[in-house]
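Text of upload04.pdb, listed as PDB, C-alpha atoms and all ligand atoms:
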ATOM      1  CA  MET A 251      83.357 -76.008-140.114  1.00  0.00           C
ATOM      2  CA  THR A 252      80.851 -77.561-137.788  1.00  0.00           C
ATOM      3  CA  ALA A 253      78.239 -75.553-135.953  1.00  0.00           C
ATOM      4  CA  ALA A 254      79.973 -76.366-132.647  1.00  0.00           C
ATOM      5  CA  LYS A 255      83.303 -74.926-133.903  1.00  0.00           C
ATOM      6  CA  ARG A 256      81.585 -71.821-135.245  1.00  0.00           C
ATOM      7  CA  THR A 257      79.997 -71.322-131.849  1.00  0.00           C
ATOM      8  CA  LEU A 258      83.378 -71.725-130.086  1.00  0.00           C
ATOM      9  CA  LEU A 259      85.074 -69.179-132.357  1.00  0.00           C
ATOM     10  CA  PHE A 260      82.213 -66.782-131.857  1.00  0.00           C
ATOM     11  CA  PHE A 261      82.604 -66.878-128.095  1.00  0.00           C
ATOM     12  CA  LEU A 262      86.396 -67.067-128.052  1.00  0.00           C
ATOM     13  CA  PRO A 263      86.978 -63.358-127.407  1.00  0.00           C
ATOM     14  CA  ILE A 264      84.987 -63.462-124.202  1.00  0.00           C
ATOM     15  CA  LEU A 265      86.965 -66.504-122.993  1.00  0.00           C
ATOM     16  CA  VAL A 266      90.153 -64.417-122.741  1.00  0.00           C
ATOM     17  CA  PRO A 267      90.806 -63.828-119.031  1.00  0.00           C
ATOM     18  CA  ALA A 268      90.065 -60.341-117.922  1.00  0.00           C
ATOM     19  CA  PHE A 269      92.678 -58.604-115.801  1.00  0.00           C
ATOM     20  CA  GLU A 270      91.591 -56.203-113.146  1.00  0.00           C
ATOM     21  CA  ILE A 271      93.769 -53.155-113.075  1.00  0.00           C
ATOM     22  CA  GLU A 272      93.958 -51.329-109.777  1.00  0.00           C
ATOM     23  CA  LEU A 273      94.901 -47.700-110.023  1.00  0.00           C
ATOM     24  CA  ARG A 274      96.431 -46.652-106.775  1.00  0.00           C
ATOM     25  CA  GLN A 275      96.669 -43.163-105.462  1.00  0.00           C
ATOM     26  CA  ALA A 276     100.385 -42.752-104.920  1.00  0.00           C
ATOM     27  CA  GLU A 277      99.966 -39.674-102.734  1.00  0.00           C
ATOM     28  CA  ILE A 278     103.308 -38.076-103.452  1.00  0.00           C
ATOM     29  CA  PRO A 279     102.695 -34.352-102.958  1.00  0.00           C
ATOM     30  CA  PHE A 280     106.231 -33.191-103.744  1.00  0.00           C
ATOM     31  CA  THR A 281     106.522 -29.898-105.633  1.00  0.00           C
ATOM     32  CA  HIS A 282     109.905 -28.564-106.661  1.00  0.00           C
ATOM     33  CA  ALA A 283     110.527 -25.013-105.403  1.00  0.00           C
ATOM     34  CA  ASN A 284     113.065 -22.999-107.358  1.00  0.00           C
ATOM     35  CA  SER A 285     112.729 -19.546-105.739  1.00  0.00           C
ATOM     36  CA  ALA A 286     112.416 -17.719-109.041  1.00  0.00           C
ATOM     37  CA  THR A 287     114.065 -14.302-109.206  1.00  0.00           C
ATOM     38  CA  THR A 288     114.014 -11.461-111.686  1.00  0.00           C
ATOM     39  CA  ARG A 289     117.706 -12.216-112.294  1.00  0.00           C
ATOM     40  CA  LYS A 290     116.873 -15.671-113.597  1.00  0.00           C
ATOM     41  CA  TYR A 291     119.921 -17.310-112.092  1.00  0.00           C
ATOM     42  CA  LEU A 292     120.887 -20.468-113.920  1.00  0.00           C
ATOM     43  CA  PRO A 293     120.241 -22.890-111.013  1.00  0.00           C
ATOM     44  CA  GLU A 294     116.649 -21.657-110.690  1.00  0.00           C
ATOM     45  CA  THR A 295     115.971 -22.653-114.303  1.00  0.00           C
ATOM     46  CA  MET A 296     116.685 -26.318-113.566  1.00  0.00           C
ATOM     47  CA  GLY A 297     114.663 -29.021-111.901  1.00  0.00           C
ATOM     48  CA  GLY A 298     115.982 -31.199-109.115  1.00  0.00           C
ATOM     49  CA  GLY A 299     117.205 -34.775-109.353  1.00  0.00           C
ATOM     50  CA  VAL A 300     115.223 -37.842-108.323  1.00  0.00           C
ATOM     51  CA  ALA A 301     116.444 -41.168-106.972  1.00  0.00           C
ATOM     52  CA  VAL A 302     114.400 -44.357-106.796  1.00  0.00           C
ATOM     53  CA  LEU A 303     115.970 -46.644-104.232  1.00  0.00           C
ATOM     54  CA  ASP A 304     115.085 -49.165-101.560  1.00  0.00           C
ATOM     55  CA  TYR A 305     116.768 -47.340 -98.696  1.00  0.00           C
ATOM     56  CA  ASP A 306     115.391 -49.661 -95.986  1.00  0.00           C
ATOM     57  CA  ASN A 307     115.831 -52.921 -97.898  1.00  0.00           C
ATOM     58  CA  ASP A 308     112.192 -53.949 -97.424  1.00  0.00           C
ATOM     59  CA  GLY A 309     111.855 -54.952-101.075  1.00  0.00           C
ATOM     60  CA  ARG A 310     109.825 -51.900-102.061  1.00  0.00           C
ATOM     61  CA  LEU A 311     111.290 -48.958-103.939  1.00  0.00           C
ATOM     62  CA  ASP A 312     111.228 -45.571-102.254  1.00  0.00           C
ATOM     63  CA  ILE A 313     111.675 -42.117-103.805  1.00  0.00           C
ATOM     64  CA  PHE A 314     114.008 -39.248-102.926  1.00  0.00           C
ATOM     65  CA  PHE A 315     113.511 -35.801-104.457  1.00  0.00           C
ATOM     66  CA  VAL A 316     116.119 -33.029-104.528  1.00  0.00           C
ATOM     67  CA  ASN A 317     114.748 -29.533-103.997  1.00  0.00           C
ATOM     68  CA  GLY A 318     115.949 -25.977-104.482  1.00  0.00           C
ATOM     69  CA  ALA A 319     116.348 -23.303-101.819  1.00  0.00           C
ATOM     70  CA  LYS A 320     115.393 -19.718-101.133  1.00  0.00           C
ATOM     71  CA  ILE A 321     117.703 -17.356-102.973  1.00  0.00           C
ATOM     72  CA  GLN A 322     117.672 -13.598-102.735  1.00  0.00           C
ATOM     73  CA  ASP A 323     116.780 -11.273-105.573  1.00  0.00           C
ATOM     74  CA  PRO A 324     119.536 -10.364-106.164  1.00  0.00           C
ATOM     75  CA  MET A 325     121.996 -12.572-104.325  1.00  0.00           C
ATOM     76  CA  ARG A 326     124.673 -10.452-102.647  1.00  0.00           C
ATOM     77  CA  PRO A 327     128.263 -11.622-102.308  1.00  0.00           C
ATOM     78  CA  GLY A 328     128.530 -13.963 -99.374  1.00  0.00           C
ATOM     79  CA  GLN A 329     124.844 -14.822 -99.272  1.00  0.00           C
ATOM     80  CA  ALA A 330     123.972 -18.485 -99.242  1.00  0.00           C
ATOM     81  CA  PRO A 331     120.877 -20.455-100.269  1.00  0.00           C
ATOM     82  CA  ASP A 332     118.341 -20.988 -97.474  1.00  0.00           C
ATOM     83  CA  LYS A 333     116.359 -24.219 -97.104  1.00  0.00           C
ATOM     84  CA  SER A 334     114.797 -23.418 -93.723  1.00  0.00           C
ATOM     85  CA  ASP A 335     111.302 -23.162 -95.234  1.00  0.00           C
ATOM     86  CA  GLY A 336     109.834 -26.655 -95.577  1.00  0.00           C
ATOM     87  CA  LYS A 337     108.810 -26.059 -99.166  1.00  0.00           C
ATOM     88  CA  TYR A 338     112.499 -26.109-100.080  1.00  0.00           C
ATOM     89  CA  TRP A 339     113.317 -29.350 -98.275  1.00  0.00           C
ATOM     90  CA  ASN A 340     114.508 -32.392-100.101  1.00  0.00           C
ATOM     91  CA  ARG A 341     111.984 -35.188 -99.577  1.00  0.00           C
ATOM     92  CA  LEU A 342     112.164 -38.914 -98.972  1.00  0.00           C
ATOM     93  CA  TYR A 343     108.993 -40.949 -99.481  1.00  0.00           C
ATOM     94  CA  HIS A 344     108.835 -44.469 -98.079  1.00  0.00           C
ATOM     95  CA  GLN A 345     106.692 -46.928-100.007  1.00  0.00           C
ATOM     96  CA  LYS A 346     104.221 -48.783 -97.812  1.00  0.00           C
ATOM     97  CA  PRO A 347     102.963 -52.336 -98.470  1.00  0.00           C
ATOM     98  CA  ASP A 348      99.751 -51.008-100.048  1.00  0.00           C
ATOM     99  CA  GLY A 349     101.698 -49.070-102.690  1.00  0.00           C
ATOM    100  CA  THR A 350     101.163 -45.638-101.183  1.00  0.00           C
ATOM    101  CA  PHE A 351     104.013 -43.446 -99.966  1.00  0.00           C
ATOM    102  CA  GLN A 352     104.757 -41.763 -96.648  1.00  0.00           C
ATOM    103  CA  ASP A 353     106.927 -38.678 -96.190  1.00  0.00           C
ATOM    104  CA  VAL A 354     109.753 -39.737 -93.852  1.00  0.00           C
ATOM    105  CA  THR A 355     112.120 -36.876 -94.622  1.00  0.00           C
ATOM    106  CA  GLU A 356     112.537 -35.447 -91.143  1.00  0.00           C
ATOM    107  CA  LYS A 357     112.948 -38.816 -89.461  1.00  0.00           C
ATOM    108  CA  ALA A 358     115.535 -39.764 -92.079  1.00  0.00           C
ATOM    109  CA  GLY A 359     117.462 -36.508 -91.586  1.00  0.00           C
ATOM    110  CA  LEU A 360     117.348 -35.634 -95.281  1.00  0.00           C
ATOM    111  CA  THR A 361     115.676 -32.211 -95.315  1.00  0.00           C
ATOM    112  CA  GLY A 362     118.830 -30.506 -96.534  1.00  0.00           C
ATOM    113  CA  MET A 363     119.110 -28.576 -93.289  1.00  0.00           C
ATOM    114  CA  PRO A 364     121.413 -27.436 -91.848  1.00  0.00           C
ATOM    115  CA  GLN A 365     123.594 -27.830 -94.932  1.00  0.00           C
ATOM    116  CA  ASN A 366     121.644 -25.099 -96.760  1.00  0.00           C
ATOM    117  CA  ARG A 367     122.568 -25.873-100.347  1.00  0.00           C
ATOM    118  CA  TYR A 368     120.536 -25.331-103.467  1.00  0.00           C
ATOM    119  CA  GLY A 369     119.928 -28.969-104.446  1.00  0.00           C
ATOM    120  CA  MET A 370     120.633 -30.189-107.946  1.00  0.00           C
ATOM    121  CA  GLY A 371     121.271 -33.905-108.341  1.00  0.00           C
ATOM    122  CA  VAL A 372     121.576 -37.132-106.406  1.00  0.00           C
ATOM    123  CA  ALA A 373     123.624 -40.302-106.759  1.00  0.00           C
ATOM    124  CA  VAL A 374     122.878 -43.587-104.997  1.00  0.00           C
ATOM    125  CA  GLY A 375     125.543 -46.086-104.031  1.00  0.00           C
ATOM    126  CA  ASP A 376     126.567 -48.243-101.093  1.00  0.00           C
ATOM    127  CA  PHE A 377     129.940 -46.598-100.626  1.00  0.00           C
ATOM    128  CA  ASP A 378     130.700 -48.332 -97.307  1.00  0.00           C
ATOM    129  CA  ASN A 379     129.528 -51.767 -98.449  1.00  0.00           C
ATOM    130  CA  ASP A 380     127.188 -52.274 -95.489  1.00  0.00           C
ATOM    131  CA  GLY A 381     124.262 -53.358 -97.659  1.00  0.00           C
ATOM    132  CA  PHE A 382     122.310 -50.119 -97.334  1.00  0.00           C
ATOM    133  CA  PRO A 383     122.297 -47.582-100.194  1.00  0.00           C
ATOM    134  CA  ASP A 384     123.805 -44.192 -99.386  1.00  0.00           C
ATOM    135  CA  LEU A 385     123.062 -40.813-100.983  1.00  0.00           C
ATOM    136  CA  TYR A 386     125.252 -38.117-102.438  1.00  0.00           C
ATOM    137  CA  VAL A 387     123.306 -34.901-103.034  1.00  0.00           C
ATOM    138  CA  THR A 388     124.871 -32.262-105.264  1.00  0.00           C
ATOM    139  CA  GLY A 389     124.025 -28.608-105.384  1.00  0.00           C
ATOM    140  CA  TYR A 390     124.997 -24.992-105.506  1.00  0.00           C
ATOM    141  CA  GLY A 391     127.088 -24.160-102.466  1.00  0.00           C
ATOM    142  CA  GLY A 392     128.463 -27.668-102.003  1.00  0.00           C
ATOM    143  CA  ASN A 393     127.469 -31.305-101.805  1.00  0.00           C
ATOM    144  CA  THR A 394     126.397 -33.698 -99.068  1.00  0.00           C
ATOM    145  CA  LEU A 395     127.242 -37.361 -98.588  1.00  0.00           C
ATOM    146  CA  TYR A 396     124.643 -39.130 -96.438  1.00  0.00           C
ATOM    147  CA  ARG A 397     125.545 -42.502 -94.978  1.00  0.00           C
ATOM    148  CA  ASN A 398     122.554 -44.780 -94.529  1.00  0.00           C
ATOM    149  CA  ASN A 399     122.510 -45.911 -90.889  1.00  0.00           C
ATOM    150  CA  GLY A 400     120.273 -48.877 -91.734  1.00  0.00           C
ATOM    151  CA  ASP A 401     117.590 -47.824 -89.230  1.00  0.00           C
ATOM    152  CA  GLY A 402     115.706 -45.352 -91.394  1.00  0.00           C
ATOM    153  CA  THR A 403     118.075 -42.482 -90.677  1.00  0.00           C
ATOM    154  CA  PHE A 404     120.997 -40.962 -92.533  1.00  0.00           C
ATOM    155  CA  LEU A 405     124.144 -39.266 -91.246  1.00  0.00           C
ATOM    156  CA  ASP A 406     125.979 -36.411 -92.956  1.00  0.00           C
ATOM    157  CA  VAL A 407     129.527 -37.719 -93.354  1.00  0.00           C
ATOM    158  CA  THR A 408     130.583 -35.201 -95.971  1.00  0.00           C
ATOM    159  CA  GLU A 409     133.424 -33.573 -94.098  1.00  0.00           C
ATOM    160  CA  ARG A 410     134.895 -36.845 -92.881  1.00  0.00           C
ATOM    161  CA  ALA A 411     134.804 -38.227 -96.409  1.00  0.00           C
ATOM    162  CA  GLY A 412     136.190 -35.010 -97.879  1.00  0.00           C
ATOM    163  CA  VAL A 413     133.564 -34.737-100.598  1.00  0.00           C
ATOM    164  CA  ALA A 414     131.888 -31.390 -99.879  1.00  0.00           C
ATOM    165  CA  GLY A 415     133.317 -29.675-102.933  1.00  0.00           C
ATOM    166  CA  ASP A 416     132.295 -26.093-103.515  1.00  0.00           C
ATOM    167  CA  GLY A 417     130.798 -23.911-106.198  1.00  0.00           C
ATOM    168  CA  TRP A 418     128.132 -25.657-108.168  1.00  0.00           C
ATOM    169  CA  SER A 419     127.789 -29.352-108.918  1.00  0.00           C
ATOM    170  CA  THR A 420     124.968 -30.945-110.841  1.00  0.00           C
ATOM    171  CA  SER A 421     124.927 -34.660-111.581  1.00  0.00           C
ATOM    172  CA  ALA A 422     127.134 -37.310-110.001  1.00  0.00           C
ATOM    173  CA  GLY A 423     127.525 -41.064-110.059  1.00  0.00           C
ATOM    174  CA  PHE A 424     129.048 -43.871-107.998  1.00  0.00           C
ATOM    175  CA  PHE A 425     131.141 -46.503-109.713  1.00  0.00           C
ATOM    176  CA  ASP A 426     134.239 -48.540-108.958  1.00  0.00           C
ATOM    177  CA  PHE A 427     136.556 -47.137-111.586  1.00  0.00           C
ATOM    178  CA  ASP A 428     139.656 -48.996-110.337  1.00  0.00           C
ATOM    179  CA  ASN A 429     137.943 -52.275-109.407  1.00  0.00           C
ATOM    180  CA  ASP A 430     139.277 -52.233-105.860  1.00  0.00           C
ATOM    181  CA  GLY A 431     135.874 -53.097-104.373  1.00  0.00           C
ATOM    182  CA  ARG A 432     135.217 -49.590-103.080  1.00  0.00           C
ATOM    183  CA  LEU A 433     132.828 -47.302-104.888  1.00  0.00           C
ATOM    184  CA  ASP A 434     134.245 -44.094-106.288  1.00  0.00           C
ATOM    185  CA  LEU A 435     132.341 -40.938-107.031  1.00  0.00           C
ATOM    186  CA  CYS A 436     132.391 -38.808-110.129  1.00  0.00           C
ATOM    187  CA  GLY A 437     130.587 -35.646-111.167  1.00  0.00           C
ATOM    188  CA  PRO A 438     130.765 -33.127-113.992  1.00  0.00           C
ATOM    189  CA  LEU A 439     132.981 -30.784-112.012  1.00  0.00           C
ATOM    190  CA  PHE A 440     134.984 -33.234-109.960  1.00  0.00           C
ATOM    191  CA  ALA A 441     135.618 -36.856-109.096  1.00  0.00           C
ATOM    192  CA  VAL A 442     136.192 -38.263-105.659  1.00  0.00           C
ATOM    193  CA  GLU A 443     137.594 -41.574-104.537  1.00  0.00           C
ATOM    194  CA  LEU A 444     136.191 -42.676-101.225  1.00  0.00           C
ATOM    195  CA  ARG A 445     138.991 -44.357 -99.367  1.00  0.00           C
ATOM    196  CA  ARG A 446     140.778 -43.968 -96.053  1.00  0.00           C
ATOM    197  CA  ARG A 447     142.019 -40.534 -96.965  1.00  0.00           C
ATOM    198  CA  PRO A 448     139.577 -39.334 -99.580  1.00  0.00           C
ATOM    199  CA  VAL A 449     140.997 -37.167-102.325  1.00  0.00           C
ATOM    200  CA  LEU A 450     138.835 -34.678-104.148  1.00  0.00           C
ATOM    201  CA  ARG A 451     139.863 -34.093-107.702  1.00  0.00           C
ATOM    202  CA  ARG A 452     138.525 -31.434-109.975  1.00  0.00           C
ATOM    203  CA  LYS A 453     138.043 -31.524-113.707  1.00  0.00           C
ATOM    204  CA  GLU A 454     139.614 -28.635-115.566  1.00  0.00           C
ATOM    205  CA  THR A 455     137.262 -28.517-118.534  1.00  0.00           C
ATOM    206  CA  GLY A 456     134.285 -30.584-119.546  1.00  0.00           C
ATOM    207  CA  GLY A 457     133.294 -33.769-117.737  1.00  0.00           C
ATOM    208  CA  PRO A 458     135.456 -36.639-116.538  1.00  0.00           C
ATOM    209  CA  ARG A 459     135.099 -39.829-118.533  1.00  0.00           C
ATOM    210  CA  LEU A 460     136.120 -43.415-118.075  1.00  0.00           C
ATOM    211  CA  LEU A 461     138.600 -44.612-120.671  1.00  0.00           C
ATOM    212  CA  PRO A 462     138.559 -48.165-122.057  1.00  0.00           C
ATOM    213  CA  SER A 463     141.822 -48.701-120.184  1.00  0.00           C
ATOM    214  CA  GLY A 464     140.002 -48.139-116.910  1.00  0.00           C
ATOM    215  CA  GLN A 465     141.628 -44.787-116.257  1.00  0.00           C
ATOM    216  CA  LEU A 466     139.469 -41.821-115.360  1.00  0.00           C
ATOM    217  CA  GLN A 467     140.333 -38.991-117.687  1.00  0.00           C
ATOM    218  CA  GLY A 468     139.801 -35.439-116.561  1.00  0.00           C
ATOM    219  CA  CYS A 469     139.994 -35.923-112.808  1.00  0.00           C
ATOM    220  CA  ASN A 470     143.655 -35.189-112.289  1.00  0.00           C
ATOM    221  CA  GLU A 471     143.791 -31.751-110.745  1.00  0.00           C
ATOM    222  CA  PRO A 472     143.391 -31.531-106.960  1.00  0.00           C
ATOM    223  CA  ALA A 473     140.591 -29.225-105.879  1.00  0.00           C
ATOM    224  CA  VAL A 474     141.437 -29.277-102.195  1.00  0.00           C
ATOM    225  CA  PRO A 475     144.724 -29.694-100.310  1.00  0.00           C
ATOM    226  CA  GLN A 476     145.676 -33.366 -99.910  1.00  0.00           C
TER     227      GLN A 476
HETATM  228 CA    CA B   1     111.869 -49.584 -99.300  1.00  0.00          CA
HETATM  229 CA    CA B   2     125.895 -47.993 -97.134  1.00  0.00          CA
HETATM  230 CA    CA B   3     137.297 -47.940-106.236  1.00  0.00          CA
END

Let me see the structure of the file written as structure tokens.
Amino acid sequence: MTAAKRTLLFFLPILVPAFEIELRQAEIPFTHANSATTRKYLPETMGGGVAVLDYDNDGRLDIFFVNGAKIQDPMRPGQAPDKSDGKYWNRLYHQKPDGTFQDVTEKAGLTGMPQNRYGMGVAVGDFDNDGFPDLYVTGYGGNTLYRNNGDGTFLDVTERAGVAGDGWSTSAGFFDFDNDGRLDLCGPLFAVELRRRPVLRRKETGGPRLLPSGQLQGCNEPAVPQ
């Protein structure tokens, strides 16, 4: 080995390009609030769901957090969760071009008020095929389907779609189980097909599952009048 080659090998490590890593302060101050009670109700022992989606189609991912609600200690029959305090609001953070996030919850109409449900999970899907992702938020006390208006705001279309449910729902997911081009909705307690006259179907035991044949097993019992 010549002296020149030895010199090159000696300096080779410092010829490797150095990459500058910029650590950005994301500034996402969300804190889940579970309203802990001495009764230790099951919902208060669980965290809320999170969705990462580009709700405004600007090419940057945004974040939606599902939050709990104020519950009484103990909860009396007929009492409902209360999300009026801002610390219990669900939160939507819009990602800005510099990589930081801005709380746009109130403008978007996604606080969880006035629905007043103890939030659990969230599913993202463009159920109306308008190009903007919509949100389905599950919880104790019912669920909420938010249609993305495409202008930074969302509209509660739960009743019109017939997907409020009742009781307690946790996770959910959109998928087109019958390949008709319209997204359907399924959760551990029920499954819903979003069509002209939506039908809410409840699972009797366990969770619904998609069979290799394409049929949805476990979503056959109506939960609401059709
Ligand atoms: Ca975005
Ligand atoms: Ca949509
Ligand atoms: Ca479908």

Which residues of chain A come within 9 Å of ligand CA 1 (chain B), and for each one, what is the closest pair of atoms and their distance in Å to one decimal, counting only C-alpha atoms and all ligand atoms, sorted by chain and residue number, as a Markdown table?
| residue | atom | partner | partner_atom | distance |
| --- | --- | --- | --- | --- |
| A:Leu303 | CA | B:CA1 | CA | 7.1 |
| A:Asp304 | CA | B:CA1 | CA | 4.0 |
| A:Tyr305 | CA | B:CA1 | CA | 5.4 |
| A:Asp306 | CA | B:CA1 | CA | 4.8 |
| A:Asn307 | CA | B:CA1 | CA | 5.4 |
| A:Asp308 | CA | B:CA1 | CA | 4.8 |
| A:Gly309 | CA | B:CA1 | CA | 5.7 |
| A:Arg310 | CA | B:CA1 | CA | 4.1 |
| A:Leu311 | CA | B:CA1 | CA | 4.7 |
| A:Asp312 | CA | B:CA1 | CA | 5.0 |
| A:Ile313 | CA | B:CA1 | CA | 8.7 |
| A:His344 | CA | B:CA1 | CA | 6.1 |
| A:Gln345 | CA | B:CA1 | CA | 5.9 |
| A:Lys346 | CA | B:CA1 | CA | 7.8 |

Name the residues captured by the PyMOL selection byres (((chain A and resi 384-386) around 10) and not hetatm) when it is applied to the shown file; answer as a VMD selection string.
chain A and resid 301 303 305 314 360 371 to 383 387 to 388 393 to 400 404 to 406 408 413 to 414 421 to 424 435

Keeping C-alpha atoms for every residue in the selection just given, could you write it to a file as an mmCIF file, in the frame of the given file?
data_model
loop_
_atom_site.group_PDB
_atom_site.id
_atom_site.type_symbol
_atom_site.label_atom_id
_atom_site.label_comp_id
_atom_site.auth_asym_id
_atom_site.auth_seq_id
_atom_site.Cartn_x
_atom_site.Cartn_y
_atom_site.Cartn_z
ATOM 1 C CA ALA A 301 116.444 -41.168 -106.972
ATOM 2 C CA LEU A 303 115.970 -46.644 -104.232
ATOM 3 C CA TYR A 305 116.768 -47.340 -98.696
ATOM 4 C CA PHE A 314 114.008 -39.248 -102.926
ATOM 5 C CA LEU A 360 117.348 -35.634 -95.281
ATOM 6 C CA GLY A 371 121.271 -33.905 -108.341
ATOM 7 C CA VAL A 372 121.576 -37.132 -106.406
ATOM 8 C CA ALA A 373 123.624 -40.302 -106.759
ATOM 9 C CA VAL A 374 122.878 -43.587 -104.997
ATOM 10 C CA GLY A 375 125.543 -46.086 -104.031
ATOM 11 C CA ASP A 376 126.567 -48.243 -101.093
ATOM 12 C CA PHE A 377 129.940 -46.598 -100.626
ATOM 13 C CA ASP A 378 130.700 -48.332 -97.307
ATOM 14 C CA ASN A 379 129.528 -51.767 -98.449
ATOM 15 C CA ASP A 380 127.188 -52.274 -95.489
ATOM 16 C CA GLY A 381 124.262 -53.358 -97.659
ATOM 17 C CA PHE A 382 122.310 -50.119 -97.334
ATOM 18 C CA PRO A 383 122.297 -47.582 -100.194
ATOM 19 C CA VAL A 387 123.306 -34.901 -103.034
ATOM 20 C CA THR A 388 124.871 -32.262 -105.264
ATOM 21 C CA ASN A 393 127.469 -31.305 -101.805
ATOM 22 C CA THR A 394 126.397 -33.698 -99.068
ATOM 23 C CA LEU A 395 127.242 -37.361 -98.588
ATOM 24 C CA TYR A 396 124.643 -39.130 -96.438
ATOM 25 C CA ARG A 397 125.545 -42.502 -94.978
ATOM 26 C CA ASN A 398 122.554 -44.780 -94.529
ATOM 27 C CA ASN A 399 122.510 -45.911 -90.889
ATOM 28 C CA GLY A 400 120.273 -48.877 -91.734
ATOM 29 C CA PHE A 404 120.997 -40.962 -92.533
ATOM 30 C CA LEU A 405 124.144 -39.266 -91.246
ATOM 31 C CA ASP A 406 125.979 -36.411 -92.956
ATOM 32 C CA THR A 408 130.583 -35.201 -95.971
ATOM 33 C CA VAL A 413 133.564 -34.737 -100.598
ATOM 34 C CA ALA A 414 131.888 -31.390 -99.879
ATOM 35 C CA SER A 421 124.927 -34.660 -111.581
ATOM 36 C CA ALA A 422 127.134 -37.310 -110.001
ATOM 37 C CA GLY A 423 127.525 -41.064 -110.059
ATOM 38 C CA PHE A 424 129.048 -43.871 -107.998
ATOM 39 C CA LEU A 435 132.341 -40.938 -107.031
#

At a cut-off of 6 Å, can you tabulate as a tab-separated table every residue of chain A near ligand CA 3 (chain B) together with its closest atom pair and the distance in Å to one decimal, using only C-alpha atoms and all ligand atoms and ordering rows by chain then number?
residue	atom	partner	partner_atom	distance
A:Asp426	CA	B:CA3	CA	4.1
A:Phe427	CA	B:CA3	CA	5.5
A:Asp428	CA	B:CA3	CA	4.8
A:Asn429	CA	B:CA3	CA	5.4
A:Asp430	CA	B:CA3	CA	4.7
A:Gly431	CA	B:CA3	CA	5.7
A:Arg432	CA	B:CA3	CA	4.1
A:Leu433	CA	B:CA3	CA	4.7
A:Asp434	CA	B:CA3	CA	4.9

Work out how far apart CA of Gly349 (chain A) and CA of Gly318 (chain A) are and give it in Å to one decimal.
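CA of Gly318 (chain A) lies at a distance of 27.2 Å from CA of Gly349 (chain A).
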
Extract, using all atoms listed in the file, all DNA, RNA and protein residues at most 6 Å from region 329-338 of chain A, discarding same-chain residues fewer than 6 positions from it, and format them as a count of residues only.
9

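For the pair CA of Tyr343 (chain A) and CA of Trp418 (chain A), the separation is 26.0 Å.
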
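Among A:Gly402, A:Gly412, A:Cys436, A:Leu292, the residue with the shortest atom-to-atom distance to ligand CA 2 (chain B), counting only C-alpha atoms and all ligand atoms, is A:Gly402.
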
In Å, with one decimal, what is the gap from CA of Pro327 (chain A) to CA of Arg410 (chain A)?
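These two atoms are separated by 27.7 Å.
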
Residues picked by the PyMOL selection byres (((chain A and resi 295) around 12) and not hetatm) here, as a ChimeraX atom specification?
/A:282-294,296-298,318,370

Within 10 Å of (107.9, -38.0, -97.3) in the file's own coordinates, which protein, DNA or RNA residues have an atom, counting only C-alpha atoms? List them as a list in words.
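Those residues, ordered by chain and then number, are Glu277, Ile278, Pro279, Phe280, Asp312, Ile313, Phe314, Phe315, Asn340, Arg341, Leu342, Tyr343, His344, Gln345, Phe351, Gln352, Asp353, Val354, Thr355, Glu356, Lys357, Ala358, Leu360 and Thr361 of chain A.
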
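Comparing A:Thr420, A:Thr403, A:Thr281, A:Gln322 by their smallest distance to Trp339 (chain A), the closest is A:Thr281 (using all atoms listed in the file).
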